[in-house]
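What follows is the content of work.txt, which has compact mmCIF, C-alpha atoms:
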# COMPACT_ATOMS: atom_id res chain seq x y z
CA PHE T 1 -13.51 -38.78 14.39
CA GLU T 2 -14.44 -39.78 10.83
CA TRP T 3 -17.67 -37.78 11.00
CA ALA T 4 -15.69 -34.74 12.18
CA LEU T 5 -13.19 -35.22 9.32
CA LEU T 6 -15.98 -35.43 6.77
CA ARG T 7 -17.62 -32.27 8.07
CA PHE T 8 -14.27 -30.49 8.29
CA GLN T 9 -13.40 -31.43 4.71
CA GLN T 10 -16.72 -30.06 3.46
CA ALA T 11 -16.26 -26.81 5.40
CA TRP T 12 -12.68 -26.55 4.15
CA GLU T 13 -13.71 -27.05 0.50
CA ARG T 14 -16.49 -24.46 0.85
CA TRP T 15 -14.02 -22.00 2.45
CA VAL T 16 -11.38 -22.49 -0.27
CA THR T 17 -13.97 -22.06 -3.01
CA GLN T 18 -15.51 -18.94 -1.47
CA LEU T 19 -12.16 -17.32 -0.75
CA GLY T 20 -10.92 -18.30 -4.19
CA ALA T 21 -13.89 -16.57 -5.79
CA LEU T 22 -13.29 -13.44 -3.69
CA SER T 23 -9.62 -13.36 -4.67
CA GLY T 24 -10.20 -13.70 -8.42
CA MET T 25 -10.10 -17.48 -8.84
CA GLY T 26 -13.84 -17.91 -9.43
CA GLU T 27 -13.25 -19.78 -12.71
CA LEU T 28 -11.24 -22.49 -10.95
CA SER T 29 -12.61 -25.60 -9.32
CA TYR T 30 -11.64 -26.47 -5.75
CA ILE T 31 -8.96 -28.95 -6.82
CA GLU T 32 -7.55 -26.54 -9.42
CA MET T 33 -7.16 -23.92 -6.69
CA ILE T 34 -5.43 -26.43 -4.45
CA ILE T 35 -3.07 -27.54 -7.22
CA LEU T 36 -2.20 -23.92 -8.04
CA HIS T 37 -1.30 -23.38 -4.37
CA VAL T 38 0.84 -26.54 -4.32
CA ILE T 39 2.66 -25.34 -7.45
CA ARG T 40 3.28 -22.05 -5.66
CA MET T 41 4.54 -23.67 -2.43
CA GLN T 42 8.18 -22.71 -1.82
CA ASP T 43 8.16 -21.01 -5.25
CA ARG T 44 9.88 -24.00 -6.86
CA PRO T 45 8.68 -25.85 -9.97
CA LYS T 46 7.05 -29.23 -9.31
CA THR T 47 6.28 -32.17 -11.56
CA GLY T 48 2.81 -33.62 -11.83
CA ALA T 49 3.97 -36.63 -9.81
CA GLN T 50 5.36 -34.37 -7.07
CA ILE T 51 2.09 -32.45 -6.91
CA ALA T 52 0.09 -35.67 -6.70
CA ARG T 53 2.41 -36.95 -3.97
CA GLN T 54 2.03 -33.74 -1.97
CA LEU T 55 -1.74 -34.15 -2.13
CA ASN T 56 -1.63 -37.93 -1.45
CA ARG T 57 -3.46 -38.55 -4.72
CA ASP T 58 -3.06 -41.56 -6.93
CA ASP T 59 -5.19 -40.24 -9.80
CA ILE T 60 -2.32 -38.76 -11.82
CA PRO T 61 -4.45 -38.32 -14.99
CA ASN T 62 -6.85 -36.02 -13.09
CA VAL T 63 -3.94 -34.02 -11.70
CA GLN T 64 -2.48 -33.73 -15.20
CA TYR T 65 -5.86 -32.57 -16.54
CA CYS T 66 -5.96 -29.81 -13.91
CA LEU T 67 -2.40 -28.82 -14.79
CA ARG T 68 -3.32 -28.52 -18.48
CA LYS T 69 -6.30 -26.34 -17.55
CA LEU T 70 -4.16 -24.10 -15.32
CA GLU T 71 -1.58 -23.86 -18.08
CA LYS T 72 -4.26 -22.99 -20.67
CA MET T 73 -5.51 -20.26 -18.30
CA ARG T 74 -1.91 -19.02 -18.09
CA LEU T 75 -1.73 -19.45 -14.32
CA CYS T 76 1.17 -21.89 -14.55
CA LYS T 77 3.67 -22.88 -17.20
CA LYS T 78 5.78 -25.90 -18.02
CA VAL T 79 9.49 -25.66 -17.44
CA LYS T 80 12.05 -28.29 -18.33
CA GLU T 81 13.98 -29.60 -15.36
CA LYS T 82 17.74 -29.22 -15.59
CA ALA T 83 19.55 -32.29 -16.93
CA SER T 84 16.26 -34.16 -17.28
CA LYS T 85 13.59 -35.01 -19.82
CA THR T 86 10.94 -34.23 -17.21
CA PHE T 87 8.78 -31.14 -17.20
CA ALA T 88 7.70 -29.32 -14.07
CA TYR T 89 5.18 -26.57 -13.49
CA GLU T 90 5.70 -23.15 -12.00
CA ALA T 91 3.27 -20.31 -11.36
CA THR T 92 3.16 -17.48 -13.87
CA ALA T 93 2.97 -13.84 -12.81
CA ALA T 94 -0.84 -14.11 -13.02
CA GLY T 95 -0.82 -17.28 -10.88
CA ARG T 96 1.44 -15.64 -8.31
CA ALA T 97 -0.78 -12.56 -8.17
CA LEU T 98 -3.89 -14.66 -7.55
CA THR T 99 -2.26 -16.80 -4.87
CA ASP T 100 -0.81 -13.68 -3.21
CA GLN T 101 -4.29 -12.12 -3.15
CA TYR T 102 -5.73 -15.35 -1.72
CA ALA T 103 -3.05 -15.45 0.98
CA SER T 104 -3.64 -11.83 1.91
CA MET T 105 -7.39 -12.33 2.24
CA ARG T 106 -6.88 -15.60 4.14
CA ARG T 107 -4.60 -13.85 6.60
CA HIS T 108 -7.19 -11.11 7.16
CA LEU T 109 -10.33 -13.27 7.30
CA LEU T 110 -9.03 -16.38 9.05
CA THR T 111 -5.52 -16.22 10.49
CA GLU T 112 -5.97 -12.92 12.33
CA GLN T 113 -9.30 -14.15 13.71
CA SER T 114 -7.76 -17.35 15.10
CA THR T 115 -5.40 -15.47 17.44
CA ILE T 116 -8.17 -15.49 20.06
CA ILE T 117 -7.57 -19.23 20.48
CA GLY T 118 -4.95 -19.80 23.16
CA GLN T 119 -1.72 -21.34 21.84
CA VAL T 120 -3.30 -21.74 18.40
CA ASP T 121 0.01 -22.36 16.61
CA GLN T 122 0.96 -25.17 19.01
CA LYS T 123 -2.51 -26.72 18.76
CA LEU T 124 -2.44 -26.61 14.98
CA ALA T 125 1.04 -28.16 14.90
CA GLU T 126 -0.15 -31.00 17.14
CA ALA T 127 -3.32 -31.47 15.07
CA THR T 128 -1.21 -31.60 11.92
CA LYS T 129 0.97 -34.36 13.36
CA LEU T 130 -2.10 -36.34 14.43
CA ILE T 131 -3.77 -36.00 11.03
CA ASN T 132 -0.54 -37.02 9.28
CA LEU T 133 -0.31 -40.13 11.48
CA MET T 134 -3.97 -40.95 10.86
CA THR T 135 -3.42 -40.51 7.10
CA GLY T 136 -0.75 -43.21 7.28
CA LEU T 137 -3.04 -45.51 9.24
CA TYR T 138 -5.90 -45.05 6.78
CA ASP T 139 -3.56 -45.59 3.82
CA GLU T 140 -2.30 -48.83 5.37
CA ALA T 141 -5.84 -49.97 6.16
CA GLY T 142 -6.79 -49.20 2.56
CA ARG T 143 -3.90 -51.32 1.26
CA SER T 144 -4.85 -54.16 3.59
CA SER T 145 -8.51 -53.99 2.63
CA ALA T 146 -7.60 -54.44 -1.04
CA THR T 147 -6.92 -58.12 -0.32
CA TYR T 148 -9.14 -58.57 2.73
CA GLY T 149 -12.30 -59.35 0.76
CA THR T 150 -10.63 -62.19 -1.12
CA LEU T 151 -8.88 -63.56 1.97
CA HIS T 152 -12.06 -63.29 4.03
CA GLN T 153 -14.11 -65.12 1.38
CA ASP T 154 -11.43 -67.84 1.06
CA ALA T 155 -11.43 -68.37 4.85
CA GLN T 156 -15.22 -68.62 4.91
CA SER T 157 -15.19 -71.14 2.05
CA LEU T 158 -12.59 -73.27 3.83
CA ALA T 159 -14.56 -73.14 7.06
CA ALA T 160 -17.75 -74.17 5.25
CA GLU T 161 -15.97 -77.12 3.56
CA ALA T 162 -14.55 -78.28 6.90
CA LYS T 163 -18.00 -78.61 8.47
CA PRO T 164 -19.26 -82.22 8.51

Since I need it in another form, could you write the structure as structure tokens?
Amino acid sequence: FEWALLRFQQAWERWVTQLGALSGMGELSYIEMIILHVIRMQDRPKTGAQIARQLNRDDIPNVQYCLRKLEKMRLCKKVKEKASKTFAYEATAAGRALTDQYASMRRHLLTEQSTIIGQVDQKLAEATKLINLMTGLYDEAGRSSATYGTLHQDAQSLAAEAKP
């Protein structure tokens, strides 16, 4: 399963990068393309924290760096949230045009081709649920492992001291 995920992630990143280049996003890195798409989701402004949360990332400074780059390239802009001191990001006309072009090419090159797979929408929905559940399991295992090394070493030390 993990091997398949690793290979899938690499194929996915290659696909996003190639399609991004074809649709006019060649100057963007993989993660910048992804962040631009997340900003565009539901056409509502999102804060850096919301974007990071959507992507299950805890490296907020890296997300903020990407946001500054996208803003400098004029693909997104900061907007002040109503009744708040917080800023959010929304796609500019140029950002919307690029993501629209990407979506159009994706539909033609990938989505239309996948219709040959029987019940593809149902299978993808089920796969999405499984991957979301597995994400939670891996996140929990990661949290547990943060203290496992110390606990494991302490147990070994106690066991060694107990030996006559």

**Report entry** For CA of Ile39 (chain T) and CA of Glu2 (chain T), the interatomic separation in Å (one decimal)
**Finding:**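 Atom-to-atom, CA of Ile39 (chain T) and CA of Glu2 (chain T) are spaced 28.9 Å apart.
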
With all atoms listed in the file as the atoms that count, which of T:Met105, T:Arg7, T:Arg44, T:Arg143 lies nearest to Glu81 (chain T)?
->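 Of T:Met105, T:Arg7, T:Arg44, T:Arg143, the one nearest Glu81 (chain T), counting all atoms listed in the file, is T:Arg44.
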
Return the single residue from T:Asn56, T:Gln64, T:Thr99, T:Gln119 that is closest to Met33 (chain T), with distances computed using all atoms listed in the file.
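Of all the options, T:Thr99 lies closest to Met33 (chain T).
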
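Among the candidate residues T:Gly136, T:Gly20, T:Pro45, T:Gly142, the one lying nearest to Thr92 (chain T) is T:Pro45, with distances computed using all atoms listed in the file.
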
Could you put an axis-aligned box around every listed atom of region 135-142 of chain T, padded by 4 Å on each side, and send me its centre and edge lengths in Å to one decimal, as JSON?
{"center_x": -3.8, "center_y": -45.2, "center_z": 5.9, "size_x": 14.0, "size_y": 17.5, "size_z": 14.7}

Practice problem: Record the distance separating CA of Leu133 (chain T) and CA of Ala4 (chain T), expressed in Å with one decimal. | Solution: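 Spanning CA of Leu133 (chain T) to CA of Ala4 (chain T) is a straight-line distance of 16.3 Å.
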
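Counting from CA of Glu71 (chain T), the distance to CA of Arg40 (chain T) is 13.5 Å.
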
Counting only C-alpha atoms, what is within 8 Å of Gly48 (chain T), bar same-chain residues fewer than 4 positions away, as a JSON list (two decimals) with C-alpha atoms, keeping the file's coordinate frame?
[["chain", "number", "residue", "atom", "x", "y", "z"],
["T", 52, "ALA", "CA", 0.09, -35.67, -6.70],
["T", 60, "ILE", "CA", -2.32, -38.76, -11.82],
["T", 63, "VAL", "CA", -3.94, -34.02, -11.70],
["T", 64, "GLN", "CA", -2.48, -33.73, -15.20],
["T", 67, "LEU", "CA", -2.40, -28.82, -14.79],
["T", 88, "ALA", "CA", 7.70, -29.32, -14.07],
["T", 89, "TYR", "CA", 5.18, -26.57, -13.49]]

Between T:Leu137, T:Glu126, T:Ala146, T:Tyr30, smallest distance to Gln9 (chain T) by all atoms listed in the file belongs to T:Tyr30

Missing atoms of region 48-77 of chain T rebuilt to N, CA and C atoms, written as a compact mmCIF listing (two decimals), in the frame of the given file:
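Dumped to result_15.txt:
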# COMPACT_ATOMS: atom_id res chain seq x y z
N GLY T 48 4.14 -33.12 -12.13
CA GLY T 48 2.81 -33.62 -11.83
C GLY T 48 2.85 -34.69 -10.76
N ALA T 49 3.85 -35.56 -10.82
CA ALA T 49 3.97 -36.63 -9.81
C ALA T 49 4.25 -36.04 -8.43
N GLN T 50 5.08 -35.01 -8.35
CA GLN T 50 5.36 -34.37 -7.07
C GLN T 50 4.11 -33.71 -6.50
N ILE T 51 3.33 -33.08 -7.36
CA ILE T 51 2.09 -32.45 -6.91
C ILE T 51 1.13 -33.50 -6.39
N ALA T 52 0.98 -34.59 -7.13
CA ALA T 52 0.09 -35.67 -6.70
C ALA T 52 0.56 -36.25 -5.37
N ARG T 53 1.85 -36.41 -5.22
CA ARG T 53 2.41 -36.95 -3.97
C ARG T 53 2.13 -36.01 -2.81
N GLN T 54 2.31 -34.71 -3.02
CA GLN T 54 2.03 -33.74 -1.97
C GLN T 54 0.58 -33.81 -1.51
N LEU T 55 -0.31 -34.10 -2.44
CA LEU T 55 -1.74 -34.15 -2.13
C LEU T 55 -2.22 -35.56 -1.78
N ASN T 56 -1.31 -36.53 -1.76
CA ASN T 56 -1.63 -37.93 -1.45
C ASN T 56 -2.69 -38.46 -2.42
N ARG T 57 -2.52 -38.12 -3.68
CA ARG T 57 -3.46 -38.55 -4.72
C ARG T 57 -2.80 -39.59 -5.60
N ASP T 58 -3.59 -40.56 -6.02
CA ASP T 58 -3.06 -41.56 -6.93
C ASP T 58 -3.72 -41.47 -8.31
N ASP T 59 -4.53 -40.44 -8.52
CA ASP T 59 -5.19 -40.24 -9.80
C ASP T 59 -4.41 -39.23 -10.65
N ILE T 60 -3.22 -39.63 -11.06
CA ILE T 60 -2.32 -38.76 -11.82
C ILE T 60 -3.00 -38.17 -13.06
N PRO T 61 -3.81 -38.93 -13.82
CA PRO T 61 -4.45 -38.32 -14.99
C PRO T 61 -5.34 -37.12 -14.63
N ASN T 62 -6.03 -37.17 -13.50
CA ASN T 62 -6.85 -36.02 -13.09
C ASN T 62 -5.99 -34.83 -12.70
N VAL T 63 -4.87 -35.09 -12.05
CA VAL T 63 -3.94 -34.02 -11.70
C VAL T 63 -3.39 -33.40 -12.98
N GLN T 64 -3.01 -34.24 -13.94
CA GLN T 64 -2.48 -33.73 -15.20
C GLN T 64 -3.53 -32.91 -15.96
N TYR T 65 -4.78 -33.32 -15.91
CA TYR T 65 -5.86 -32.57 -16.54
C TYR T 65 -5.96 -31.17 -15.93
N CYS T 66 -5.92 -31.11 -14.60
CA CYS T 66 -5.96 -29.81 -13.91
C CYS T 66 -4.76 -28.95 -14.30
N LEU T 67 -3.60 -29.56 -14.41
CA LEU T 67 -2.40 -28.82 -14.79
C LEU T 67 -2.54 -28.24 -16.20
N ARG T 68 -3.10 -29.03 -17.12
CA ARG T 68 -3.32 -28.52 -18.48
C ARG T 68 -4.29 -27.34 -18.46
N LYS T 69 -5.35 -27.44 -17.64
CA LYS T 69 -6.30 -26.34 -17.55
C LYS T 69 -5.64 -25.08 -16.98
N LEU T 70 -4.86 -25.24 -15.92
CA LEU T 70 -4.16 -24.10 -15.32
C LEU T 70 -3.18 -23.49 -16.30
N GLU T 71 -2.53 -24.35 -17.08
CA GLU T 71 -1.58 -23.86 -18.08
C GLU T 71 -2.33 -23.10 -19.19
N LYS T 72 -3.46 -23.64 -19.63
CA LYS T 72 -4.26 -22.99 -20.67
C LYS T 72 -4.77 -21.62 -20.19
N MET T 73 -5.05 -21.52 -18.88
CA MET T 73 -5.51 -20.26 -18.30
C MET T 73 -4.34 -19.32 -18.00
N ARG T 74 -3.13 -19.79 -18.28
CA ARG T 74 -1.91 -19.02 -18.09
C ARG T 74 -1.63 -18.69 -16.62
N LEU T 75 -2.01 -19.61 -15.75
CA LEU T 75 -1.73 -19.45 -14.32
C LEU T 75 -0.49 -20.22 -13.91
N CYS T 76 -0.09 -21.18 -14.76
CA CYS T 76 1.17 -21.89 -14.55
C CYS T 76 1.75 -22.18 -15.93
N LYS T 77 3.02 -22.54 -15.94
CA LYS T 77 3.67 -22.88 -17.20
C LYS T 77 4.61 -24.05 -16.98
